[in-house]
file input-v7.csv (CSV, C-alpha atoms)
chain,number,residue,atom,x,y,z
A,1,MET,CA,42.0,78.6,38.5
A,2,SER,CA,45.3,80.3,38.9
A,3,LEU,CA,47.7,78.9,41.5
A,4,SER,CA,49.6,82.1,41.9
A,5,PRO,CA,49.5,85.2,39.7
A,6,LEU,CA,53.3,85.6,39.9
A,7,LEU,CA,53.8,81.9,38.8
A,8,ASP,CA,51.5,82.6,35.8
A,9,ASP,CA,53.7,85.7,35.0
A,10,LEU,CA,56.8,83.5,35.2
A,11,VAL,CA,55.3,80.9,32.8
A,12,ASP,CA,54.3,83.7,30.4
A,13,ALA,CA,57.8,85.2,30.6
A,14,LEU,CA,59.5,81.9,29.9
A,15,ARG,CA,57.5,81.7,26.6
A,16,CYS,CA,59.8,84.4,25.1
A,17,LEU,CA,62.4,81.6,24.7
A,18,PRO,CA,62.5,80.1,21.2
A,19,GLY,CA,60.7,76.8,20.9
A,20,VAL,CA,59.1,77.0,24.4
A,21,GLY,CA,55.3,76.7,24.5
A,22,GLN,CA,52.8,76.9,27.4
A,23,LYS,CA,53.5,73.3,28.5
A,24,SER,CA,57.3,73.5,28.5
A,25,ALA,CA,57.3,76.9,30.1
A,26,GLN,CA,55.2,75.5,32.9
A,27,ARG,CA,57.6,72.6,33.3
A,28,MET,CA,60.5,75.0,33.4
A,29,ALA,CA,58.9,77.2,36.0
A,30,PHE,CA,58.2,74.3,38.3
A,31,HIS,CA,61.7,72.9,37.8
A,32,LEU,CA,63.3,76.2,38.6
A,33,LEU,CA,61.2,76.7,41.7
A,34,GLU,CA,61.4,73.1,43.0
A,35,ARG,CA,65.0,72.1,42.2
A,36,GLY,CA,66.8,74.8,40.4
A,37,ARG,CA,66.7,77.9,42.6
A,38,ASP,CA,70.5,78.5,42.6
A,39,GLY,CA,70.7,78.2,38.8
A,40,ALA,CA,67.6,80.4,38.3
A,41,GLY,CA,69.1,83.1,40.4
A,42,ILE,CA,72.3,83.1,38.3
A,43,LEU,CA,70.1,83.1,35.1
A,44,ALA,CA,68.1,86.1,36.2
A,45,ASP,CA,71.2,88.0,37.1
A,46,THR,CA,73.2,87.1,34.0
A,47,LEU,CA,70.3,87.8,31.7
A,48,ALA,CA,69.7,91.2,33.2
A,49,ARG,CA,73.4,92.0,32.9
A,50,SER,CA,73.7,90.7,29.4
A,51,LEU,CA,70.9,92.9,28.2
A,52,VAL,CA,72.6,96.0,29.5
A,53,GLU,CA,76.2,95.1,28.6
A,54,ILE,CA,76.2,93.1,25.4
A,55,GLY,CA,75.9,95.2,22.3
A,56,ARG,CA,77.2,95.0,18.7
A,57,CYS,CA,80.9,95.2,17.7
A,58,ASP,CA,81.6,98.6,16.1
A,59,SER,CA,83.6,96.9,13.4
A,60,CYS,CA,81.8,93.6,12.5
A,61,GLN,CA,78.4,93.9,14.2
A,62,THR,CA,78.7,90.6,16.2
A,63,PHE,CA,77.7,90.5,19.9
A,64,THR,CA,80.3,91.7,22.3
A,65,GLU,CA,80.4,93.6,25.6
A,66,ALA,CA,83.5,95.5,24.3
A,67,PRO,CA,83.3,98.3,21.7
A,68,VAL,CA,85.2,96.1,19.3
A,69,CYS,CA,85.1,92.3,19.6
A,70,ALA,CA,88.0,90.0,20.3
A,71,ILE,CA,88.1,88.6,16.7
A,72,CYS,CA,88.3,92.1,15.1
A,73,ARG,CA,91.0,93.1,17.6
A,74,ASP,CA,93.1,89.9,16.9
A,75,GLU,CA,96.0,91.0,14.8
A,76,ARG,CA,97.1,87.5,14.0
A,77,ARG,CA,94.0,87.0,11.8
A,78,ASP,CA,94.2,87.6,8.1
A,79,SER,CA,92.5,91.0,7.4
A,80,SER,CA,92.5,90.4,3.6
A,81,LEU,CA,89.8,87.7,4.1
A,82,LEU,CA,86.3,88.8,5.1
A,83,CYS,CA,83.5,86.3,5.7
A,84,VAL,CA,80.0,87.7,5.6
A,85,VAL,CA,77.4,85.8,7.7
A,86,GLU,CA,73.8,86.4,8.6
A,87,SER,CA,74.0,86.1,12.4
A,88,PRO,CA,76.4,85.8,15.3
A,89,ALA,CA,75.4,82.1,15.6
A,90,ASP,CA,76.7,81.5,12.1
A,91,LEU,CA,80.0,83.2,13.1
A,92,VAL,CA,80.3,80.9,16.1
A,93,ALA,CA,79.6,77.8,14.0
A,94,ILE,CA,82.4,78.8,11.6
A,95,GLU,CA,84.8,79.5,14.5
A,96,GLN,CA,84.1,76.1,16.0
A,97,SER,CA,85.1,74.4,12.7
A,98,GLY,CA,88.5,76.1,13.2
A,99,ASP,CA,89.1,76.4,9.5
A,100,PHE,CA,88.8,80.1,8.9
A,101,HIS,CA,91.4,82.7,10.1
A,102,GLY,CA,90.2,85.9,8.5
A,103,HIS,CA,87.7,88.4,9.8
A,104,TYR,CA,83.9,88.5,9.8
A,105,PHE,CA,81.1,90.8,9.1
A,106,VAL,CA,77.8,89.9,10.7
A,107,LEU,CA,74.7,91.1,8.8
A,108,LEU,CA,71.7,91.8,11.0
A,109,GLY,CA,69.8,89.0,9.1
A,110,HIS,CA,69.1,89.0,5.4
A,111,LEU,CA,67.3,91.2,2.8
A,112,SER,CA,63.6,90.7,2.9
A,113,PRO,CA,61.7,93.3,0.9
A,114,ILE,CA,58.3,91.7,1.9
A,115,ASP,CA,59.1,92.6,5.5
A,116,GLY,CA,60.5,96.0,4.6
A,117,ILE,CA,64.1,94.9,5.4
A,118,GLY,CA,66.4,96.7,3.0
A,119,PRO,CA,70.2,96.9,2.6
A,120,ALA,CA,70.6,99.7,5.2
A,121,ASP,CA,68.7,97.7,7.8
A,122,ILE,CA,71.1,94.8,7.8
A,123,GLY,CA,74.3,97.0,7.6
A,124,ILE,CA,75.2,96.5,3.9
A,125,PRO,CA,76.5,100.1,3.4
A,126,ARG,CA,78.8,99.6,6.3
A,127,LEU,CA,80.0,96.3,4.9
A,128,LEU,CA,80.8,97.9,1.5
A,129,LYS,CA,82.7,100.7,3.3
A,130,ARG,CA,84.7,98.2,5.2
A,131,VAL,CA,85.6,96.2,2.1
A,132,THR,CA,86.8,99.4,0.3
A,133,ASP,CA,88.6,100.9,3.3
A,134,ASN,CA,90.4,97.8,4.7
A,135,GLY,CA,92.0,96.3,1.7
A,136,VAL,CA,89.9,93.1,1.7
A,137,GLN,CA,91.0,90.8,-1.2
A,138,GLU,CA,88.5,88.0,-0.8
A,139,LEU,CA,85.0,88.4,0.3
A,140,ILE,CA,83.4,85.1,1.3
A,141,LEU,CA,79.6,85.4,1.2
A,142,ALA,CA,78.6,82.8,3.8
A,143,THR,CA,74.9,83.8,4.0
A,144,ASN,CA,72.5,80.8,4.3
A,145,PRO,CA,71.9,78.6,1.3
A,146,THR,CA,68.2,79.7,1.3
A,147,VAL,CA,66.3,82.0,-1.2
A,148,GLU,CA,66.8,85.0,1.0
A,149,GLY,CA,70.5,84.2,1.8
A,150,GLU,CA,71.2,83.8,-2.0
A,151,ALA,CA,69.5,87.0,-2.8
A,152,THR,CA,71.4,88.9,-0.1
A,153,ALA,CA,74.7,87.4,-1.4
A,154,HIS,CA,73.9,88.4,-5.0
A,155,TYR,CA,72.9,91.9,-4.0
A,156,ILE,CA,76.3,92.4,-2.2
A,157,ALA,CA,78.2,90.8,-5.1
A,158,ASP,CA,76.6,93.2,-7.6
A,159,ARG,CA,77.7,96.2,-5.6
A,160,LEU,CA,81.3,95.1,-5.4
A,161,LEU,CA,81.9,93.6,-8.9
A,162,VAL,CA,83.7,96.7,-10.2
A,163,GLN,CA,86.1,97.0,-7.3
A,164,GLY,CA,88.4,94.0,-8.1
A,165,VAL,CA,87.6,92.1,-4.9
A,166,SER,CA,87.4,88.3,-5.4
A,167,ILE,CA,84.0,87.2,-4.3
A,168,THR,CA,83.2,83.6,-3.3
A,169,ARG,CA,80.4,81.6,-1.9
A,170,LEU,CA,80.5,78.4,0.3
A,171,ALA,CA,80.1,75.1,-1.6
A,172,ASN,CA,76.8,73.4,-1.7
A,173,GLY,CA,76.6,69.6,-1.5
A,174,LEU,CA,75.9,66.7,0.7
A,175,PRO,CA,76.5,67.3,4.4
A,176,VAL,CA,79.3,65.1,5.8
A,177,GLY,CA,77.9,62.1,7.7
A,178,GLY,CA,74.6,62.8,5.9
A,179,ASP,CA,72.5,60.2,4.1
A,180,LEU,CA,72.3,60.4,0.4
A,181,GLY,CA,68.8,59.0,0.3
A,182,GLY,CA,67.6,61.7,2.6
A,183,ALA,CA,69.1,64.6,0.6
A,184,ASP,CA,66.7,66.9,-1.4
A,185,GLY,CA,66.9,67.2,-5.1
A,186,SER,CA,68.4,70.6,-5.1
A,187,THR,CA,71.2,69.6,-2.8
A,188,LEU,CA,71.9,66.5,-4.9
A,189,SER,CA,72.0,68.4,-8.1
A,190,HIS,CA,74.5,70.9,-6.5
A,191,ALA,CA,76.6,67.9,-5.3
A,192,PHE,CA,76.6,66.4,-8.9
A,193,ARG,CA,77.5,69.7,-10.5
A,194,GLY,CA,80.3,70.3,-8.0
A,195,ARG,CA,81.7,66.8,-8.2
A,196,ARG,CA,85.5,66.5,-7.9
A,197,PRO,CA,88.2,64.0,-9.1
A,198,LEU,CA,89.1,61.5,-6.3
A,199,SER,CA,92.7,62.2,-5.5
A,200,GLY,CA,94.6,58.9,-5.1
B,1,MET,CA,87.7,81.2,20.8
B,2,SER,CA,85.1,83.0,22.9
B,3,LEU,CA,83.0,85.7,21.4
B,4,SER,CA,82.3,87.3,24.7
B,5,PRO,CA,82.8,86.0,28.3
B,6,LEU,CA,79.4,87.4,29.3
B,7,LEU,CA,77.7,85.7,26.4
B,8,ASP,CA,79.4,82.4,27.5
B,9,ASP,CA,78.0,83.0,31.0
B,10,LEU,CA,74.5,83.6,29.6
B,11,VAL,CA,74.7,80.3,27.6
B,12,ASP,CA,75.9,78.4,30.8
B,13,ALA,CA,73.1,80.0,32.9
B,14,LEU,CA,70.4,79.0,30.4
B,15,ARG,CA,71.5,75.4,30.8
B,16,CYS,CA,69.8,75.3,34.2
B,17,LEU,CA,66.5,75.0,32.3
B,18,PRO,CA,65.3,71.4,32.1
B,19,GLY,CA,65.9,69.8,28.7
B,20,VAL,CA,68.2,72.6,27.5
B,21,GLY,CA,71.7,71.5,26.4
B,22,GLN,CA,74.6,73.6,25.1
B,23,LYS,CA,73.2,73.9,21.6
B,24,SER,CA,69.7,75.0,22.6
B,25,ALA,CA,71.2,77.4,25.2
B,26,GLN,CA,73.3,79.1,22.6
B,27,ARG,CA,70.3,79.4,20.3
B,28,MET,CA,68.2,80.9,23.1
B,29,ALA,CA,70.9,83.4,24.0
B,30,PHE,CA,71.3,84.6,20.5
B,31,HIS,CA,67.5,84.8,20.0
B,32,LEU,CA,67.1,86.8,23.2
B,33,LEU,CA,69.8,89.2,22.3
B,34,GLU,CA,68.8,89.6,18.6
B,35,ARG,CA,65.1,89.6,18.6
B,36,GLY,CA,63.8,89.1,22.2
B,37,ARG,CA,65.3,91.9,24.3
B,38,ASP,CA,61.9,93.1,25.7
B,39,GLY,CA,60.8,89.6,26.6
B,40,ALA,CA,64.2,88.8,28.0
B,41,GLY,CA,64.1,91.9,30.3
B,42,ILE,CA,60.7,90.8,31.6
B,43,LEU,CA,62.0,87.2,32.1
B,44,ALA,CA,65.0,88.4,34.1
B,45,ASP,CA,62.8,90.6,36.3
B,46,THR,CA,60.0,88.1,36.8
B,47,LEU,CA,62.4,85.2,37.5
B,48,ALA,CA,64.3,87.3,40.2
B,49,ARG,CA,61.0,88.3,41.8
B,50,SER,CA,59.6,84.8,41.7
B,51,LEU,CA,62.6,83.4,43.5
B,52,VAL,CA,62.2,85.9,46.3
B,53,GLU,CA,58.4,85.9,46.6
B,54,ILE,CA,57.1,82.4,45.7
B,55,GLY,CA,57.3,79.9,48.5
B,56,ARG,CA,55.2,77.0,49.8
B,57,CYS,CA,51.7,77.2,51.0
B,58,ASP,CA,51.6,76.7,54.8
B,59,SER,CA,48.6,74.4,54.5
B,60,CYS,CA,49.1,72.3,51.3
B,61,GLN,CA,52.8,72.9,50.4
B,62,THR,CA,52.0,74.0,46.8
B,63,PHE,CA,53.7,77.1,45.3
B,64,THR,CA,52.2,80.4,46.2
B,65,GLU,CA,53.4,83.9,47.0
B,66,ALA,CA,50.7,84.2,49.8
B,67,PRO,CA,51.1,82.4,53.2
B,68,VAL,CA,48.2,80.2,52.2
B,69,CYS,CA,47.3,79.4,48.6
B,70,ALA,CA,44.1,80.4,46.8
B,71,ILE,CA,42.8,76.8,46.7
B,72,CYS,CA,43.2,76.3,50.5
B,73,ARG,CA,41.5,79.7,51.1
B,74,ASP,CA,38.6,78.8,48.9
B,75,GLU,CA,35.6,78.0,51.2
B,76,ARG,CA,33.4,76.7,48.4
B,77,ARG,CA,35.7,73.7,48.1
B,78,ASP,CA,34.9,70.4,49.8
B,79,SER,CA,37.2,70.1,52.8
B,80,SER,CA,36.2,66.5,53.4
B,81,LEU,CA,38.1,65.4,50.2
B,82,LEU,CA,41.9,65.6,50.2
B,83,CYS,CA,43.9,64.7,47.2
B,84,VAL,CA,47.6,63.9,47.7
B,85,VAL,CA,50.0,64.6,44.7
B,86,GLU,CA,53.7,64.5,44.3
B,87,SER,CA,54.2,68.0,42.9
B,88,PRO,CA,52.5,71.4,42.1
B,89,ALA,CA,52.6,70.4,38.4
B,90,ASP,CA,50.3,67.4,39.2
B,91,LEU,CA,48.0,69.7,41.1
B,92,VAL,CA,47.7,72.0,38.1
B,93,ALA,CA,47.0,69.1,35.8
B,94,ILE,CA,44.1,67.9,38.0
B,95,GLU,CA,42.8,71.5,38.4
B,96,GLN,CA,42.8,71.8,34.6
B,97,SER,CA,40.7,68.7,34.2
B,98,GLY,CA,38.1,70.6,36.3
B,99,ASP,CA,36.8,67.4,37.9
B,100,PHE,CA,38.0,67.7,41.5
B,101,HIS,CA,36.6,70.2,44.0
B,102,GLY,CA,38.2,69.2,47.2
B,103,HIS,CA,41.5,70.3,48.7
B,104,TYR,CA,45.1,69.2,47.9
B,105,PHE,CA,48.2,68.2,49.8
B,106,VAL,CA,51.4,68.5,47.7
B,107,LEU,CA,54.2,66.2,48.8
B,108,LEU,CA,57.7,67.4,48.1
B,109,GLY,CA,58.3,64.4,45.7
B,110,HIS,CA,58.1,60.8,46.7
B,111,LEU,CA,59.8,58.4,49.1
B,112,SER,CA,63.2,57.3,47.9
B,113,PRO,CA,65.2,55.5,50.6
B,114,ILE,CA,68.1,55.1,48.1
B,115,ASP,CA,68.5,58.8,47.9
B,116,GLY,CA,67.9,59.2,51.6
B,117,ILE,CA,64.5,60.8,51.1
B,118,GLY,CA,62.2,59.7,54.0
B,119,PRO,CA,58.7,60.5,55.1
B,120,ALA,CA,59.7,63.8,56.9
B,121,ASP,CA,61.5,65.1,53.9
B,122,ILE,CA,58.4,65.1,51.7
B,123,GLY,CA,56.0,66.3,54.5
B,124,ILE,CA,54.1,63.1,55.4
B,125,PRO,CA,53.9,63.9,59.1
B,126,ARG,CA,52.3,67.2,58.2
B,127,LEU,CA,49.9,65.4,55.9
B,128,LEU,CA,48.9,62.9,58.6
B,129,LYS,CA,48.3,65.8,61.0
B,130,ARG,CA,46.1,67.6,58.5
B,131,VAL,CA,44.0,64.5,57.9
B,132,THR,CA,43.4,64.0,61.6
B,133,ASP,CA,42.8,67.7,62.4
B,134,ASN,CA,40.6,68.8,59.5
B,135,GLY,CA,37.9,66.1,59.4
B,136,VAL,CA,39.0,64.6,56.1
B,137,GLN,CA,36.7,61.8,55.1
B,138,GLU,CA,38.3,60.6,51.8
B,139,LEU,CA,42.0,60.7,51.1
B,140,ILE,CA,42.7,60.3,47.4
B,141,LEU,CA,46.3,59.2,46.9
B,142,ALA,CA,47.1,60.6,43.5
B,143,THR,CA,50.9,59.9,43.6
B,144,ASN,CA,52.3,58.8,40.2
B,145,PRO,CA,51.6,55.3,39.0
B,146,THR,CA,55.3,54.4,39.3
B,147,VAL,CA,57.1,52.1,41.7
B,148,GLU,CA,58.1,55.1,43.9
B,149,GLY,CA,54.6,56.7,43.7
B,150,GLU,CA,52.9,53.4,44.7
B,151,ALA,CA,55.3,52.9,47.6
B,152,THR,CA,54.6,56.4,48.8
B,153,ALA,CA,50.9,55.8,48.6
B,154,HIS,CA,51.1,52.5,50.5
B,155,TYR,CA,53.2,54.1,53.2
B,156,ILE,CA,50.6,56.8,53.7
B,157,ALA,CA,47.7,54.4,53.6
B,158,ASP,CA,49.4,52.1,56.2
B,159,ARG,CA,49.7,55.0,58.7
B,160,LEU,CA,46.0,56.0,58.3
B,161,LEU,CA,44.2,52.6,58.2
B,162,VAL,CA,43.1,52.8,61.9
B,163,GLN,CA,41.6,56.2,61.7
B,164,GLY,CA,38.5,55.4,59.7
B,165,VAL,CA,39.3,57.6,56.7
B,166,SER,CA,38.4,56.2,53.3
B,167,ILE,CA,41.5,55.9,51.2
B,168,THR,CA,41.4,55.7,47.4
B,169,ARG,CA,43.8,55.6,44.5
B,170,LEU,CA,43.2,56.9,40.9
B,171,ALA,CA,42.2,54.2,38.4
B,172,ASN,CA,44.9,52.7,36.1
B,173,GLY,CA,43.9,51.9,32.5
B,174,LEU,CA,44.2,53.0,28.9
B,175,PRO,CA,44.7,56.7,28.5
B,176,VAL,CA,41.8,58.3,26.6
B,177,GLY,CA,42.7,58.9,22.9
B,178,GLY,CA,45.5,56.4,23.4
B,179,ASP,CA,46.4,53.5,21.2
B,180,LEU,CA,45.8,50.0,22.5
B,181,GLY,CA,48.6,48.5,20.5
B,182,GLY,CA,51.0,51.0,22.1
B,183,ALA,CA,50.0,50.3,25.7
B,184,ASP,CA,52.4,48.3,27.9
B,185,GLY,CA,51.5,45.0,29.4
B,186,SER,CA,51.0,46.3,32.9
B,187,THR,CA,48.6,49.1,31.8
B,188,LEU,CA,46.7,46.5,29.7
B,189,SER,CA,46.4,44.1,32.6
B,190,HIS,CA,45.1,46.9,34.8
B,191,ALA,CA,42.6,47.9,32.1
B,192,PHE,CA,41.3,44.3,31.9
B,193,ARG,CA,41.1,43.9,35.7
B,194,GLY,CA,39.2,47.2,36.0
B,195,ARG,CA,36.8,46.6,33.1
B,196,ARG,CA,33.3,47.9,33.5
B,197,PRO,CA,29.9,47.0,32.1
B,198,LEU,CA,28.9,49.2,29.1
B,199,SER,CA,25.9,51.2,30.2
B,200,GLY,CA,23.3,51.5,27.4
call {"tool": "encode", "arguments": {"input": "input-v7.csv", "output": "structure tokens"}}
result
Amino acid sequence: MSLSPLLDDLVDALRCLPGVGQKSAQRMAFHLLERGRDGAGILADTLARSLVEIGRCDSCQTFTEAPVCAICRDERRDSSLLCVVESPADLVAIEQSGDFHGHYFVLLGHLSPIDGIGPADIGIPRLLKRVTDNGVQELILATNPTVEGEATAHYIADRLLVQGVSITRLANGLPVGGDLGGADGSTLSHAFRGRRPLSG
Amino acid sequence: MSLSPLLDDLVDALRCLPGVGQKSAQRMAFHLLERGRDGAGILADTLARSLVEIGRCDSCQTFTEAPVCAICRDERRDSSLLCVVESPADLVAIEQSGDFHGHYFVLLGHLSPIDGIGPADIGIPRLLKRVTDNGVQELILATNPTVEGEATAHYIADRLLVQGVSITRLANGLPVGGDLGGADGSTLSHAFRGRRPLSG
């Protein structure tokens, strides 16, 4: 029997969160009502506001509440370098590494013909225009090292080969701090092929 | 650098959910904005409404948006049986087992002198009044089988001994489908002491 229809609705609504099933949603609902009412109020409000205010950057397609995001507006960044990623989360991960000081272009996912997702759906025509118009000299294709990510990178590279833009892809190999015994065969063979001399 | 202050606020707000750290909160925020906007809208709205409308049942202290919950209002249930639990989640777990058809009383947690939580804070005076006033014949103390849950159960039992109410506690033993080798010593010794003849 149902304890309260509204409580059931809340549990159902919490299941829209990734990785949250019936049991976790129930635990979250009880926690919010029992001990987290202040936080829950802030969450409801911030979430509602985010849905209205956060859109895509006109220039790079990442999330921002401004027309153009802070990274695209930053004139100290190197506009001759453009890094293409699949999602805003990937952009954040690269920013956190602190190693890249160029600009980004965020695809809306990757090509997936089986799901009917073609180049226009993820913004590739816009990316090509940006490369041509903005004097990009190196295009770093940082799509995921998966079948779909590789296919998306190759599709973009094919369309730009004639334009004299240098096109690169991130290195594949063993993750730092990882465990060699736990690496899959494909990663290991990339690591071998990409081996480098140890500099004294 | 921050992608968007509002996005940072959303990530912070999501951390009020139990078991959600910085990394999961970020993943949730991106998921909601990228692929879950409809669900997120429903979540924001349902959460805000729940915080306003869901309160405690006047009779048993469980969550409900009505003054008295559906279980307390249900006249087909046996009002001579009262089951005391520590939280609404415990009530739901018992209801789902389908085995109990009496009424409930939901404590607001358990006694915890070290945190300054005494009998009045968790509603024990109200429970005692309910037992006396409503002709309860059996009081099932289904607080958790933990040190605090046991202490809370004993405290309640001590206050009711003189009133001629039968007081019981749920059986301890091996969980069904569990693994004997994985059981702790205390559970095993309860299981031995509570062993029963195998009925043909």
call {"tool": "closest_residue", "arguments": {"input": "input-v7.csv", "among": "B:Ser97, B:Thr143, B:Gln163, B:Ser50", "to": "Glu34 of chain A", "atoms": "all atoms listed in the file"}}
result
B:Ser50
call {"tool": "residues_around", "arguments": {"input": "input-v7.csv", "residues": "segment 194-198 of chain B", "least_positions_apart": "2", "cutoff": "10 Å", "atoms": "only C-alpha atoms", "output": "mmCIF file with C-alpha atoms, in the frame of the given file"}}
result
data_model
loop_
_atom_site.group_PDB
_atom_site.id
_atom_site.type_symbol
_atom_site.label_atom_id
_atom_site.label_comp_id
_atom_site.auth_asym_id
_atom_site.auth_seq_id
_atom_site.Cartn_x
_atom_site.Cartn_y
_atom_site.Cartn_z
ATOM 1 C CA ALA B 171 42.200 54.200 38.400
ATOM 2 C CA ASN B 172 44.900 52.700 36.100
ATOM 3 C CA GLY B 173 43.900 51.900 32.500
ATOM 4 C CA LEU B 188 46.700 46.500 29.700
ATOM 5 C CA SER B 189 46.400 44.100 32.600
ATOM 6 C CA HIS B 190 45.100 46.900 34.800
ATOM 7 C CA ALA B 191 42.600 47.900 32.100
ATOM 8 C CA PHE B 192 41.300 44.300 31.900
ATOM 9 C CA GLY B 200 23.300 51.500 27.400
#
call {"tool": "residues_near_point", "arguments": {"input": "input-v7.csv", "point": "(75.1, 97.5, 24.8)", "cutoff": "10 Å", "atoms": "all atoms listed in the file", "output": "list of chain:residue names"}}
result
A:Arg49, A:Ser50, A:Leu51, A:Val52, A:Glu53, A:Ile54, A:Gly55, A:Arg56, A:Cys57, A:Phe63, A:Thr64, A:Glu65, A:Ala66, A:Pro67
call {"tool": "write_last_selection", "arguments": {"input": "input-v7.csv", "atoms": "C-alpha atoms", "output": "mmCIF file, keeping the file's coordinate frame"}}
result
data_model
loop_
_atom_site.group_PDB
_atom_site.id
_atom_site.type_symbol
_atom_site.label_atom_id
_atom_site.label_comp_id
_atom_site.auth_asym_id
_atom_site.auth_seq_id
_atom_site.Cartn_x
_atom_site.Cartn_y
_atom_site.Cartn_z
ATOM 1 C CA ARG A 49 73.400 92.000 32.900
ATOM 2 C CA SER A 50 73.700 90.700 29.400
ATOM 3 C CA LEU A 51 70.900 92.900 28.200
ATOM 4 C CA VAL A 52 72.600 96.000 29.500
ATOM 5 C CA GLU A 53 76.200 95.100 28.600
ATOM 6 C CA ILE A 54 76.200 93.100 25.400
ATOM 7 C CA GLY A 55 75.900 95.200 22.300
ATOM 8 C CA ARG A 56 77.200 95.000 18.700
ATOM 9 C CA CYS A 57 80.900 95.200 17.700
ATOM 10 C CA PHE A 63 77.700 90.500 19.900
ATOM 11 C CA THR A 64 80.300 91.700 22.300
ATOM 12 C CA GLU A 65 80.400 93.600 25.600
ATOM 13 C CA ALA A 66 83.500 95.500 24.300
ATOM 14 C CA PRO A 67 83.300 98.300 21.700
#
call {"tool": "closest_atom_pairs", "arguments": {"input": "input-v7.csv", "of": "chain A", "to": "chain B", "cutoff": "6 Å", "atoms": "only C-alpha atoms", "output": "tab-separated table"}}
result
residue	atom	partner	partner_atom	distance
A:Ser4	CA	B:Thr64	CA	5.3
A:Leu10	CA	B:Thr46	CA	5.8
A:Ala13	CA	B:Leu43	CA	4.9
A:Cys16	CA	B:Gly39	CA	5.5
A:Gly39	CA	B:Cys16	CA	5.5
A:Leu43	CA	B:Ala13	CA	4.8
A:Ala44	CA	B:Ala44	CA	4.4
A:Thr46	CA	B:Leu10	CA	5.8
A:Leu47	CA	B:Ala44	CA	5.8
A:Ala48	CA	B:Ala44	CA	5.5
A:Thr64	CA	B:Ser4	CA	5.4
call {"tool": "closest_residue", "arguments": {"input": "input-v7.csv", "among": "B:Leu170, B:Leu128, B:Val136, B:Ala151", "to": "Ile94 of chain B", "atoms": "all atoms listed in the file"}}
result
B:Leu170
call {"tool": "atom_distance", "arguments": {"input": "input-v7.csv", "atom1": "atom CA of Pro119 of chain B", "atom2": "atom CA of Arg73 of chain B"}}
result
26.1 Å
call {"tool": "closest_residue", "arguments": {"input": "input-v7.csv", "among": "B:Asp115, B:Leu141, B:Asp179, B:Gln22", "to": "Ser166 of chain B", "atoms": "only C-alpha atoms"}}
result
B:Leu141
call {"tool": "residues_around", "arguments": {"input": "input-v7.csv", "residues": "Glu148 of chain B", "least_positions_apart": "2", "cutoff": "7 Å", "atoms": "all atoms listed in the file", "output": "VMD selection string"}}
result
chain B and resid 110 to 112 146 150 to 152
call {"tool": "atom_distance", "arguments": {"input": "input-v7.csv", "atom1": "atom CA of Val165 of chain B", "atom2": "atom CA of Gly135 of chain B"}}
result
9.0 Å
call {"tool": "atom_distance", "arguments": {"input": "input-v7.csv", "atom1": "atom CA of Lys23 of chain A", "atom2": "atom CA of Leu127 of chain B"}}
result
28.7 Å
call {"tool": "axis_aligned_box", "arguments": {"input": "input-v7.csv", "around": "segment 143-161 of chain A", "padding_each_side": "3 Å", "output": "JSON"}}
result
{"center_x": 74.1, "center_y": 87.4, "center_z": -2.3, "size_x": 21.6, "size_y": 23.6, "size_z": 19.2}
call {"tool": "closest_residue", "arguments": {"input": "input-v7.csv", "among": "B:Ser79, B:Ser199, B:Gln61, B:Ser186", "to": "Arg126 of chain B", "atoms": "all atoms listed in the file"}}
result
B:Gln61
call {"tool": "residues_around", "arguments": {"input": "input-v7.csv", "residues": "Leu107 of chain B", "least_positions_apart": "3", "cutoff": "6 Å", "atoms": "all atoms listed in the file", "output": "PDB file with C-alpha atoms, keeping the file's coordinate frame"}}
result
ATOM      1  CA  GLU B  86      53.700  64.500  44.300  1.00  0.00           C
ATOM      2  CA  ILE B 122      58.400  65.100  51.700  1.00  0.00           C
ATOM      3  CA  GLY B 123      56.000  66.300  54.500  1.00  0.00           C
TER       4      GLY B 123
END
call {"tool": "closest_residue", "arguments": {"input": "input-v7.csv", "among": "A:Asp78, A:Asp8, A:Phe105, A:Gly185", "to": "Arg130 of chain A", "atoms": "all atoms listed in the file"}}
result
A:Phe105
call {"tool": "closest_residue", "arguments": {"input": "input-v7.csv", "among": "A:Ile114, A:Val131, A:Cys60, A:Val176", "to": "Ile156 of chain A", "atoms": "only C-alpha atoms"}}
result
A:Val131
call {"tool": "build_atoms", "arguments": {"input": "input-v7.csv", "residues": "segment 110-114 of chain B", "atoms": "N, CA, C and O atoms", "output": "compact mmCIF listing (two decimals), keeping the file's coordinate frame"}}
result
# COMPACT_ATOMS: atom_id res chain seq x y z
N HIS B 110 58.54 62.07 46.17
CA HIS B 110 58.10 60.80 46.70
C HIS B 110 59.18 60.16 47.56
O HIS B 110 60.32 60.64 47.57
N LEU B 111 58.80 59.13 48.29
CA LEU B 111 59.80 58.40 49.10
C LEU B 111 60.85 57.80 48.26
O LEU B 111 60.53 57.26 47.20
N SER B 112 62.09 57.90 48.67
CA SER B 112 63.20 57.30 47.90
C SER B 112 64.32 56.99 48.83
O SER B 112 65.27 57.75 48.93
N PRO B 113 64.20 55.83 49.55
CA PRO B 113 65.20 55.50 50.60
C PRO B 113 66.62 55.52 49.99
O PRO B 113 67.57 55.92 50.65
N ILE B 114 66.76 55.13 48.71
CA ILE B 114 68.10 55.10 48.10
C ILE B 114 68.75 56.43 48.00
O ILE B 114 69.97 56.56 48.04
